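Raw contents of final.cif, mmCIF, C-alpha atoms and all ligand atoms:
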data_my_file
loop_
_atom_site.label_atom_id
_atom_site.label_comp_id
_atom_site.auth_asym_id
_atom_site.auth_seq_id
_atom_site.Cartn_x
_atom_site.Cartn_y
_atom_site.Cartn_z
CA MET Z 1 16.12 5.76 -1.25
CA LEU Z 2 13.90 8.58 -2.52
CA ALA Z 3 10.83 9.33 -0.38
CA TYR Z 4 8.11 11.90 -0.99
CA THR Z 5 8.04 13.78 2.28
CA TYR Z 6 5.82 16.23 4.15
CA THR Z 7 8.56 18.77 4.88
CA LYS Z 8 6.41 21.58 6.31
CA PRO Z 9 2.76 22.73 6.06
CA GLY Z 10 1.97 23.36 2.40
CA THR Z 11 5.08 21.58 1.12
CA PHE Z 12 6.00 18.04 0.05
CA ALA Z 13 9.43 17.24 -1.40
CA LEU Z 14 11.19 14.21 -2.86
CA ILE Z 15 14.20 13.70 -0.60
CA GLU Z 16 16.84 11.04 0.08
CA LYS Z 17 16.21 8.94 3.23
CA PRO Z 18 17.67 5.71 4.66
CA LYS Z 19 15.84 2.49 3.84
CA PRO Z 20 13.44 1.61 6.72
CA ALA Z 21 14.38 -1.16 9.17
CA LEU Z 22 12.30 -3.51 11.36
CA LEU Z 23 11.58 -1.81 14.72
CA ASP Z 24 9.25 -4.39 16.29
CA ALA Z 25 8.79 -8.17 16.05
CA ARG Z 26 5.39 -7.58 14.42
CA ASP Z 27 6.77 -5.32 11.64
CA ALA Z 28 7.36 -6.09 7.98
CA ILE Z 29 9.41 -4.19 5.41
CA VAL Z 30 7.69 -4.02 2.03
CA ARG Z 31 9.35 -3.09 -1.26
CA VAL Z 32 6.73 -0.86 -2.88
CA THR Z 33 5.99 -1.87 -6.48
CA LEU Z 34 3.08 0.51 -7.09
CA ALA Z 35 1.68 3.38 -5.03
CA SER Z 36 -1.06 5.95 -5.50
CA ILE Z 37 -2.01 9.47 -4.48
CA CYS Z 38 -5.12 9.89 -2.31
CA THR Z 39 -7.14 13.02 -1.57
CA SER Z 40 -6.10 12.58 2.09
CA ASP Z 41 -2.49 13.22 1.01
CA LEU Z 42 -3.67 16.63 -0.21
CA HIS Z 43 -5.40 17.21 3.15
CA ILE Z 44 -2.00 16.68 4.85
CA LYS Z 45 -0.29 19.01 2.39
CA HIS Z 46 -2.84 21.75 3.11
CA GLY Z 47 -2.47 21.40 6.86
CA SER Z 48 -5.98 20.03 7.55
CA VAL Z 49 -4.64 16.85 9.24
CA PRO Z 50 -3.16 18.23 12.50
CA ARG Z 51 -1.85 14.81 13.60
CA ALA Z 52 0.32 14.51 10.47
CA VAL Z 53 3.97 14.73 11.52
CA PRO Z 54 6.30 16.96 9.48
CA GLY Z 55 9.14 14.84 8.12
CA VAL Z 56 7.02 11.74 7.38
CA THR Z 57 7.04 10.04 4.02
CA VAL Z 58 3.50 10.41 2.68
CA GLY Z 59 1.38 7.80 0.88
CA HIS Z 60 -0.93 5.17 2.36
CA GLU Z 61 -2.23 3.36 -0.72
CA MET Z 62 0.24 0.85 -2.16
CA VAL Z 63 1.11 -2.70 -3.06
CA GLY Z 64 4.49 -4.40 -2.96
CA VAL Z 65 6.63 -7.41 -2.16
CA VAL Z 66 7.55 -8.39 1.40
CA GLU Z 67 11.28 -7.85 1.88
CA SER Z 68 11.67 -8.95 5.52
CA VAL Z 69 9.47 -9.72 8.54
CA GLY Z 70 9.86 -9.57 12.33
CA SER Z 71 9.96 -12.79 14.38
CA ALA Z 72 6.29 -12.51 15.46
CA VAL Z 73 4.87 -12.16 11.93
CA SER Z 74 3.15 -15.35 10.74
CA SER Z 75 0.75 -14.49 7.89
CA VAL Z 76 3.27 -13.29 5.28
CA ARG Z 77 6.84 -14.24 4.28
CA PRO Z 78 9.59 -12.52 2.30
CA GLY Z 79 8.73 -12.68 -1.39
CA ASP Z 80 4.93 -12.51 -0.90
CA ARG Z 81 3.09 -9.94 -3.03
CA VAL Z 82 0.86 -7.92 -0.73
CA THR Z 83 -1.60 -5.05 -0.43
CA VAL Z 84 -0.97 -2.62 2.42
CA ASN Z 85 -3.90 -1.54 4.61
CA VAL Z 86 -4.39 2.19 5.26
CA GLU Z 87 -5.38 1.33 8.84
CA THR Z 88 -2.88 0.09 11.40
CA PHE Z 89 -4.71 -2.19 13.84
CA CYS Z 90 -3.75 -4.67 16.52
CA GLY Z 91 -6.37 -7.35 15.76
CA HIS Z 92 -6.95 -8.12 19.45
CA CYS Z 93 -8.73 -5.20 21.18
CA PHE Z 94 -12.53 -5.02 21.59
CA PHE Z 95 -12.99 -2.89 18.46
CA CYS Z 96 -10.69 -5.01 16.26
CA GLU Z 97 -12.45 -8.20 17.36
CA HIS Z 98 -15.78 -6.69 16.30
CA GLY Z 99 -14.44 -5.56 12.91
CA TYR Z 100 -14.34 -1.88 13.92
CA VAL Z 101 -10.64 -1.69 13.12
CA ASN Z 102 -10.81 2.05 12.49
CA ASN Z 103 -11.34 2.42 16.24
CA CYS Z 104 -8.47 0.15 17.34
CA THR Z 105 -7.45 1.28 20.83
CA ASP Z 106 -3.74 0.48 20.40
CA PRO Z 107 -1.77 3.76 20.71
CA ASN Z 108 -0.17 2.97 17.35
CA GLY Z 109 -3.52 2.11 15.72
CA GLY Z 110 -5.61 4.10 13.23
CA TRP Z 111 -4.36 6.03 10.21
CA ALA Z 112 -0.62 5.97 10.88
CA LEU Z 113 1.08 5.16 7.56
CA GLY Z 114 1.92 8.27 5.58
CA CYS Z 115 0.53 10.46 8.38
CA ARG Z 116 2.15 9.75 11.77
CA ILE Z 117 4.79 7.26 10.50
CA ASP Z 118 6.57 6.93 7.13
CA GLY Z 119 4.28 5.83 4.29
CA GLY Z 120 4.63 4.36 0.84
CA GLN Z 121 5.39 7.03 -1.75
CA ALA Z 122 8.92 5.63 -1.61
CA ALA Z 123 10.84 2.49 -2.58
CA PHE Z 124 10.31 0.77 0.81
CA VAL Z 125 7.87 1.06 3.72
CA ARG Z 126 7.79 -0.37 7.24
CA VAL Z 127 4.34 -1.80 8.07
CA PRO Z 128 3.52 -2.29 11.80
CA PHE Z 129 1.18 -5.15 12.84
CA ALA Z 130 2.01 -6.83 9.53
CA ASP Z 131 -0.29 -9.81 10.21
CA GLN Z 132 -3.23 -7.40 10.16
CA GLY Z 133 -1.94 -4.72 7.77
CA LEU Z 134 -0.83 -6.91 4.85
CA ASN Z 135 -2.91 -9.17 2.61
CA LYS Z 136 -1.47 -11.59 0.07
CA ILE Z 137 -2.36 -10.80 -3.54
CA PRO Z 138 -3.54 -13.88 -5.48
CA ASP Z 139 -1.19 -14.82 -8.37
CA SER Z 140 -3.88 -14.06 -10.95
CA VAL Z 141 -4.32 -10.46 -9.69
CA SER Z 142 -1.93 -7.76 -10.97
CA ASP Z 143 -0.49 -4.86 -8.94
CA ARG Z 144 -2.70 -2.45 -10.86
CA GLN Z 145 -5.80 -4.53 -10.06
CA ALA Z 146 -4.88 -4.65 -6.36
CA LEU Z 147 -3.64 -1.06 -5.94
CA PHE Z 148 -6.74 0.35 -4.21
CA VAL Z 149 -7.65 -2.67 -2.04
CA GLY Z 150 -6.17 -1.24 1.18
CA ASP Z 151 -7.74 2.23 1.07
CA VAL Z 152 -10.19 3.69 -1.42
CA LEU Z 153 -11.68 0.34 -2.48
CA ALA Z 154 -11.86 -0.84 1.15
CA THR Z 155 -13.81 2.37 1.83
CA GLY Z 156 -16.28 1.72 -0.98
CA PHE Z 157 -16.71 -1.89 0.12
CA TRP Z 158 -17.31 -0.91 3.75
CA ALA Z 159 -19.75 1.85 2.72
CA ALA Z 160 -21.81 -0.53 0.58
CA ARG Z 161 -21.70 -3.22 3.30
CA ILE Z 162 -23.08 -1.01 6.10
CA SER Z 163 -25.79 0.59 3.92
CA GLU Z 164 -28.21 -2.38 4.04
CA ILE Z 165 -28.79 -2.38 0.25
CA THR Z 166 -31.43 -4.83 -1.03
CA PRO Z 167 -32.39 -5.86 -4.61
CA GLU Z 168 -35.59 -3.73 -4.29
CA ASP Z 169 -33.68 -0.51 -3.66
CA THR Z 170 -33.04 2.68 -5.54
CA VAL Z 171 -29.56 3.69 -4.38
CA LEU Z 172 -28.27 7.24 -4.77
CA ILE Z 173 -24.50 7.82 -4.67
CA ILE Z 174 -23.43 11.47 -4.39
CA GLY Z 175 -19.95 12.09 -5.82
CA ALA Z 176 -18.09 10.20 -8.57
CA GLY Z 177 -14.51 10.85 -7.50
CA PRO Z 178 -12.25 7.87 -6.76
CA THR Z 179 -14.07 6.90 -3.53
CA GLY Z 180 -17.49 7.50 -5.09
CA LEU Z 181 -16.60 5.23 -8.03
CA CYS Z 182 -15.32 2.49 -5.68
CA THR Z 183 -18.53 2.86 -3.68
CA LEU Z 184 -20.47 2.51 -6.93
CA LEU Z 185 -18.58 -0.68 -7.93
CA CYS Z 186 -19.27 -2.24 -4.52
CA THR Z 187 -22.91 -1.09 -4.54
CA LEU Z 188 -23.41 -2.82 -7.91
CA LEU Z 189 -22.28 -6.11 -6.29
CA LYS Z 190 -25.49 -5.90 -4.19
CA ARG Z 191 -27.55 -5.77 -7.42
CA PRO Z 192 -30.01 -3.02 -6.39
CA LYS Z 193 -32.94 -2.30 -8.70
CA ARG Z 194 -31.67 1.16 -9.66
CA VAL Z 195 -28.51 3.20 -9.10
CA ILE Z 196 -28.37 6.98 -9.56
CA VAL Z 197 -25.03 8.80 -9.31
CA CYS Z 198 -24.88 12.55 -8.76
CA GLU Z 199 -21.74 14.38 -9.92
CA THR Z 200 -20.96 17.98 -10.78
CA ASP Z 201 -17.86 17.60 -13.00
CA PRO Z 202 -18.80 17.11 -16.71
CA LEU Z 203 -15.71 14.94 -17.35
CA ARG Z 204 -16.65 12.63 -14.47
CA LEU Z 205 -20.26 12.48 -15.69
CA GLN Z 206 -18.83 11.44 -19.06
CA PHE Z 207 -16.62 8.82 -17.36
CA LEU Z 208 -19.72 7.42 -15.64
CA ARG Z 209 -21.70 7.24 -18.86
CA THR Z 210 -18.81 5.49 -20.65
CA HIS Z 211 -17.94 2.93 -17.98
CA PHE Z 212 -21.30 2.45 -16.22
CA PRO Z 213 -24.07 2.62 -18.84
CA GLN Z 214 -26.41 0.76 -16.43
CA VAL Z 215 -26.32 3.70 -14.01
CA ILE Z 216 -28.26 6.99 -14.20
CA ALA Z 217 -25.69 9.83 -14.11
CA VAL Z 218 -27.13 13.20 -13.10
CA SER Z 219 -25.94 16.67 -12.07
CA PRO Z 220 -26.77 18.18 -8.62
CA GLN Z 221 -29.35 20.56 -10.15
CA ASP Z 222 -31.38 17.63 -11.46
CA VAL Z 223 -30.83 14.98 -8.80
CA LEU Z 224 -33.80 15.74 -6.52
CA THR Z 225 -36.33 15.56 -9.37
CA CYS Z 226 -34.59 12.53 -10.84
CA VAL Z 227 -34.72 10.61 -7.55
CA GLN Z 228 -38.28 11.62 -6.67
CA ASP Z 229 -39.65 10.73 -10.12
CA GLY Z 230 -37.37 7.76 -10.77
CA SER Z 231 -37.75 5.77 -7.55
CA ASP Z 232 -40.63 3.66 -6.27
CA HIS Z 233 -41.34 5.54 -3.04
CA GLY Z 234 -40.64 9.21 -3.75
CA GLY Z 235 -36.96 9.14 -2.81
CA ALA Z 236 -33.89 6.97 -2.61
CA ASP Z 237 -34.08 3.93 -0.32
CA VAL Z 238 -30.36 4.27 0.38
CA VAL Z 239 -28.14 7.34 -0.04
CA LEU Z 240 -24.34 7.25 0.10
CA GLU Z 241 -22.78 10.72 0.43
CA VAL Z 242 -19.22 10.60 -0.92
CA ALA Z 243 -18.69 14.22 -1.98
CA GLY Z 244 -18.26 16.18 1.23
CA THR Z 245 -19.73 19.65 0.66
CA ALA Z 246 -22.56 21.48 2.45
CA GLU Z 247 -24.68 21.17 -0.69
CA THR Z 248 -24.14 17.43 -1.02
CA PHE Z 249 -24.83 16.87 2.68
CA ARG Z 250 -28.18 18.66 2.26
CA LEU Z 251 -28.97 16.69 -0.92
CA ALA Z 252 -28.22 13.43 0.91
CA TRP Z 253 -31.11 13.76 3.36
CA GLN Z 254 -33.39 15.64 0.95
CA CYS Z 255 -33.16 12.89 -1.69
CA ALA Z 256 -33.80 10.11 0.86
CA ARG Z 257 -37.32 8.65 1.21
CA PRO Z 258 -38.77 8.36 4.73
CA ASN Z 259 -37.04 5.60 6.76
CA ALA Z 260 -34.08 5.48 4.36
CA VAL Z 261 -30.49 4.77 5.33
CA VAL Z 262 -28.13 7.70 4.69
CA THR Z 263 -24.46 6.71 4.84
CA ILE Z 264 -21.96 9.53 5.16
CA VAL Z 265 -18.67 8.36 3.65
CA ALA Z 266 -17.30 11.85 2.94
CA LEU Z 267 -14.90 13.80 5.13
CA TYR Z 268 -16.03 17.42 5.60
CA ASP Z 269 -13.90 20.51 6.14
CA SER Z 270 -16.51 22.01 8.50
CA PRO Z 271 -19.54 21.00 10.63
CA GLN Z 272 -22.78 20.32 8.73
CA LEU Z 273 -26.33 21.34 9.62
CA LEU Z 274 -28.99 18.76 10.41
CA PRO Z 275 -32.26 20.79 10.25
CA LEU Z 276 -34.20 18.47 12.52
CA PRO Z 277 -37.52 20.44 12.45
CA GLU Z 278 -37.57 20.13 8.64
CA MET Z 279 -36.64 16.46 8.86
CA TYR Z 280 -39.10 15.57 11.61
CA GLY Z 281 -41.12 12.49 10.71
CA LYS Z 282 -38.75 11.42 7.97
CA ASN Z 283 -37.24 8.86 10.38
CA LEU Z 284 -33.88 8.60 8.64
CA THR Z 285 -31.05 6.38 9.82
CA PHE Z 286 -27.67 8.10 9.50
CA LYS Z 287 -24.46 6.08 9.42
CA THR Z 288 -21.19 7.95 9.63
CA GLY Z 289 -17.55 7.19 10.09
CA GLY Z 290 -14.23 6.17 8.66
CA VAL Z 291 -13.44 2.96 6.83
CA ASP Z 292 -13.12 -0.28 8.77
CA GLY Z 293 -10.66 -1.84 6.33
CA CYS Z 294 -11.08 -5.44 7.45
CA ASP Z 295 -12.56 -6.99 4.29
CA CYS Z 296 -9.41 -7.05 2.14
CA VAL Z 297 -9.37 -10.85 1.75
CA GLU Z 298 -12.93 -10.82 0.39
CA ILE Z 299 -12.17 -7.83 -1.87
CA LEU Z 300 -9.08 -9.56 -3.33
CA SER Z 301 -11.11 -12.69 -3.99
CA LEU Z 302 -13.83 -10.66 -5.77
CA ILE Z 303 -11.08 -9.14 -7.96
CA ALA Z 304 -9.59 -12.59 -8.67
CA GLN Z 305 -13.05 -13.86 -9.67
CA GLY Z 306 -13.47 -10.95 -12.09
CA ASN Z 307 -16.34 -9.35 -10.13
CA LEU Z 308 -14.57 -6.14 -9.19
CA ASP Z 309 -12.26 -4.11 -11.43
CA THR Z 310 -10.88 -0.70 -10.48
CA THR Z 311 -8.20 -0.54 -13.20
CA PRO Z 312 -10.21 1.96 -15.32
CA LEU Z 313 -9.81 4.41 -12.41
CA ILE Z 314 -6.03 4.52 -13.02
CA THR Z 315 -6.04 7.24 -15.66
CA HIS Z 316 -2.35 8.22 -15.30
CA THR Z 317 0.96 6.58 -14.30
CA TYR Z 318 4.15 8.41 -13.27
CA PRO Z 319 7.58 7.28 -12.07
CA LEU Z 320 8.38 8.29 -8.47
CA ARG Z 321 10.97 10.83 -9.67
CA ASP Z 322 8.13 12.76 -11.38
CA ILE Z 323 5.71 12.56 -8.42
CA GLU Z 324 5.60 16.36 -8.15
CA ALA Z 325 3.98 16.53 -11.60
CA ALA Z 326 1.59 13.72 -10.64
CA TYR Z 327 0.46 15.71 -7.58
CA THR Z 328 -0.10 18.84 -9.65
CA LEU Z 329 -2.24 16.91 -12.14
CA PHE Z 330 -4.24 15.20 -9.35
CA GLU Z 331 -4.68 18.35 -7.28
CA GLU Z 332 -5.80 20.47 -10.22
CA LYS Z 333 -8.01 17.63 -11.56
CA ARG Z 334 -6.44 18.09 -14.98
CA ASP Z 335 -6.79 15.91 -18.06
CA GLY Z 336 -9.76 13.88 -16.75
CA VAL Z 337 -7.66 12.39 -13.94
CA ILE Z 338 -9.35 9.95 -11.56
CA LYS Z 339 -6.36 8.18 -9.93
CA VAL Z 340 -2.62 8.32 -10.51
CA ALA Z 341 -0.34 5.29 -10.10
CA ILE Z 342 3.25 5.93 -8.97
CA GLU Z 343 6.04 3.51 -9.92
CA PRO Z 344 8.95 3.67 -7.41
ZN ZN B 401 -6.59 7.57 1.40
ZN ZN B 402 -7.16 -3.14 17.97
#
Can you turn what I pasted into structure tokens?
Ligand SMILES: [Zn+2]
Ligand SMILES: [Zn+2]
Amino acid sequence: MLAYTYTKPGTFALIEKPKPALLDARDAIVRVTLASICTSDLHIKHGSVPRAVPGVTVGHEMVGVVESVGSAVSSVRPGDRVTVNVETFCGHCFFCEHGYVNNCTDPNGGWALGCRIDGGQAAFVRVPFADQGLNKIPDSVSDRQALFVGDVLATGFWAARISEITPEDTVLIIGAGPTGLCTLLCTLLKRPKRVIVCETDPLRLQFLRTHFPQVIAVSPQDVLTCVQDGSDHGGADVVLEVAGTAETFRLAWQCARPNAVVTIVALYDSPQLLPLPEMYGKNLTFKTGGVDGCDCVEILSLIAQGNLDTTPLITHTYPLRDIEAAYTLFEEKRDGVIKVAIEP
């Protein structure tokens, strides 16, 4: 089968590999029916994920059909349509039992697929801990509707869940890339009084205004004034930082009102400065981390009920044989791209 592979730092290539086989009783083999490209794939390509193993098939955001399962797998059967979770987790350690699956202590846990072990930008993928890592897609939900459930949408859902959003709140989301938009969709489920989204790219601002007319879309130059004048208490009650630059990190705490919650969803390339003397007395609560992708059942049911729809984010679709072109488009943010779907 063809598999898009991290061959060496800076280089991915579509190469021929054997079809994966079950290695453990808890494994499943999934025939990938639709995959996607994530910004984290680009981080691997550019060498900023040291634990990524050269030779692995990349891709950690996909849906498919279960082909075979190990003898210890009980939650899915061959023929089931499933979403694949970006996180590999055992389901039994202290952290898993508390829902902190990102911190699973199993040596094989964490972000493994498409990083440390072969991922899903290929025709087939082996999924370890299949009882935890796979979720059945309801019949009424299409592959395109379910494509982001295991990664970018799980991240948005987790971010909105931990941010303590109430109906009285003015919520500021910084960044309207794929994760920012998923965070926005999940924030809207909490029905806050006001949502402001800060984005620098004019095409993405346009996308926001077209698809989310109920939201105030604003550029970074205007966001501080907009939040101070447009909220009830001189700043946002909740800030979600999903952009990941030094400027957006600074805006996140500057735009927050005293005693606000600031949730850092973004992954930064370098350490950020917390100027505590300037912030003294503001009494902010910072929440940081990586997605605990343990809400996929609830997310799939929200999609089935028509309450959550990420299909507008799929702006382009490519066959696997043209994945190189899909990467170029995604990496260079050409043609208004938000997310690319890959058909194996
Ligand atoms: Zn990802
Ligand atoms: Zn665990």
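Closest approach to ligand ZN 402 (chain B) among Z:Val101, Z:Val238, Z:Leu300, Z:Leu276: Z:Val101, based on all atoms listed in the file.
Selecting all polymer residues at most 8 Å from ligand ZN 402 (chain B), using all atoms listed in the file, gives Phe89, Cys90, Gly91, His92, Cys93, Phe94, Phe95, Cys96, Glu97, Val101, Asn103, Cys104, Thr105, Asp106 and Gly109 of chain Z.
The spacing separating atom CA of Z:Val262 from atom CA of Z:Cys296 amounts to 24.0 Å.
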Next on the checklist: If I take atom CA of Z:Asp201 and atom CA of Z:His43, how far is one from the other in Å, to one decimal?
Outcome noted: 20.4 Å
Find the spatial neighbours of stretch 110-127 of chain Z, counting all atoms listed in the file, within a cut-off of 7 Å - ignore same-chain residues fewer than 6 positions away - and output them as a short mmCIF file (atom, residue, chain, number, x, y, z; two decimals) with C-alpha atoms, in the frame of the given file.
data_model
loop_
_atom_site.label_atom_id
_atom_site.label_comp_id
_atom_site.auth_asym_id
_atom_site.auth_seq_id
_atom_site.Cartn_x
_atom_site.Cartn_y
_atom_site.Cartn_z
CA MET Z 1 16.12 5.76 -1.25
CA LEU Z 2 13.90 8.58 -2.52
CA ALA Z 3 10.83 9.33 -0.38
CA TYR Z 4 8.11 11.90 -0.99
CA LYS Z 19 15.84 2.49 3.84
CA PRO Z 20 13.44 1.61 6.72
CA ALA Z 21 14.38 -1.16 9.17
CA LEU Z 22 12.30 -3.51 11.36
CA ASP Z 27 6.77 -5.32 11.64
CA ALA Z 28 7.36 -6.09 7.98
CA ILE Z 29 9.41 -4.19 5.41
CA VAL Z 30 7.69 -4.02 2.03
CA ARG Z 31 9.35 -3.09 -1.26
CA VAL Z 32 6.73 -0.86 -2.88
CA ALA Z 35 1.68 3.38 -5.03
CA ARG Z 51 -1.85 14.81 13.60
CA ALA Z 52 0.32 14.51 10.47
CA VAL Z 53 3.97 14.73 11.52
CA VAL Z 56 7.02 11.74 7.38
CA THR Z 57 7.04 10.04 4.02
CA VAL Z 58 3.50 10.41 2.68
CA GLY Z 59 1.38 7.80 0.88
CA HIS Z 60 -0.93 5.17 2.36
CA MET Z 62 0.24 0.85 -2.16
CA VAL Z 86 -4.39 2.19 5.26
CA GLU Z 87 -5.38 1.33 8.84
CA THR Z 88 -2.88 0.09 11.40
CA PHE Z 89 -4.71 -2.19 13.84
CA ASN Z 102 -10.81 2.05 12.49
CA ASN Z 103 -11.34 2.42 16.24
CA CYS Z 104 -8.47 0.15 17.34
CA GLY Z 133 -1.94 -4.72 7.77
CA PRO Z 344 8.95 3.67 -7.41
#
Next on the checklist: Could you list the protein, DNA and RNA residues that have any atom within 10 Å of ligand ZN 401 (chain B), counting only C-alpha atoms and all ligand atoms, and write them as a ChimeraX atom specification?
Outcome noted: /Z:36-43,59-61,86-87,111,114,148,150-155,178-179,291
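The space between atom CA of Z:Ala176 and atom CA of Z:Val297 spans 25.0 Å.
Non-sequential neighbours of Z:Ser270 (distance at most 12 Å, separation of 6 or more positions within a chain, all atoms listed in the file) are Ser48, Gly244, Thr245, Ala246 and Phe249 of chain Z.
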Kindly write C-alpha atoms of stretch 331-343 of chain Z from the structure just given to a file, as an mmCIF file, in the first residue's frame.
data_model
loop_
_atom_site.group_PDB
_atom_site.id
_atom_site.type_symbol
_atom_site.label_atom_id
_atom_site.label_comp_id
_atom_site.auth_asym_id
_atom_site.auth_seq_id
_atom_site.Cartn_x
_atom_site.Cartn_y
_atom_site.Cartn_z
ATOM 1 C CA GLU Z 331 1.559 24.645 4.219
ATOM 2 C CA GLU Z 332 1.468 27.770 2.070
ATOM 3 C CA LYS Z 333 -2.123 28.552 3.176
ATOM 4 C CA ARG Z 334 -3.094 28.982 -0.472
ATOM 5 C CA ASP Z 335 -6.554 29.388 -1.961
ATOM 6 C CA GLY Z 336 -8.318 30.087 1.362
ATOM 7 C CA VAL Z 337 -7.521 26.596 2.656
ATOM 8 C CA ILE Z 338 -8.728 25.668 6.136
ATOM 9 C CA LYS Z 339 -8.525 21.839 6.107
ATOM 10 C CA VAL Z 340 -7.716 19.299 3.411
ATOM 11 C CA ALA Z 341 -9.355 15.867 3.227
ATOM 12 C CA ILE Z 342 -7.292 13.001 1.770
ATOM 13 C CA GLU Z 343 -9.001 10.039 0.080
#
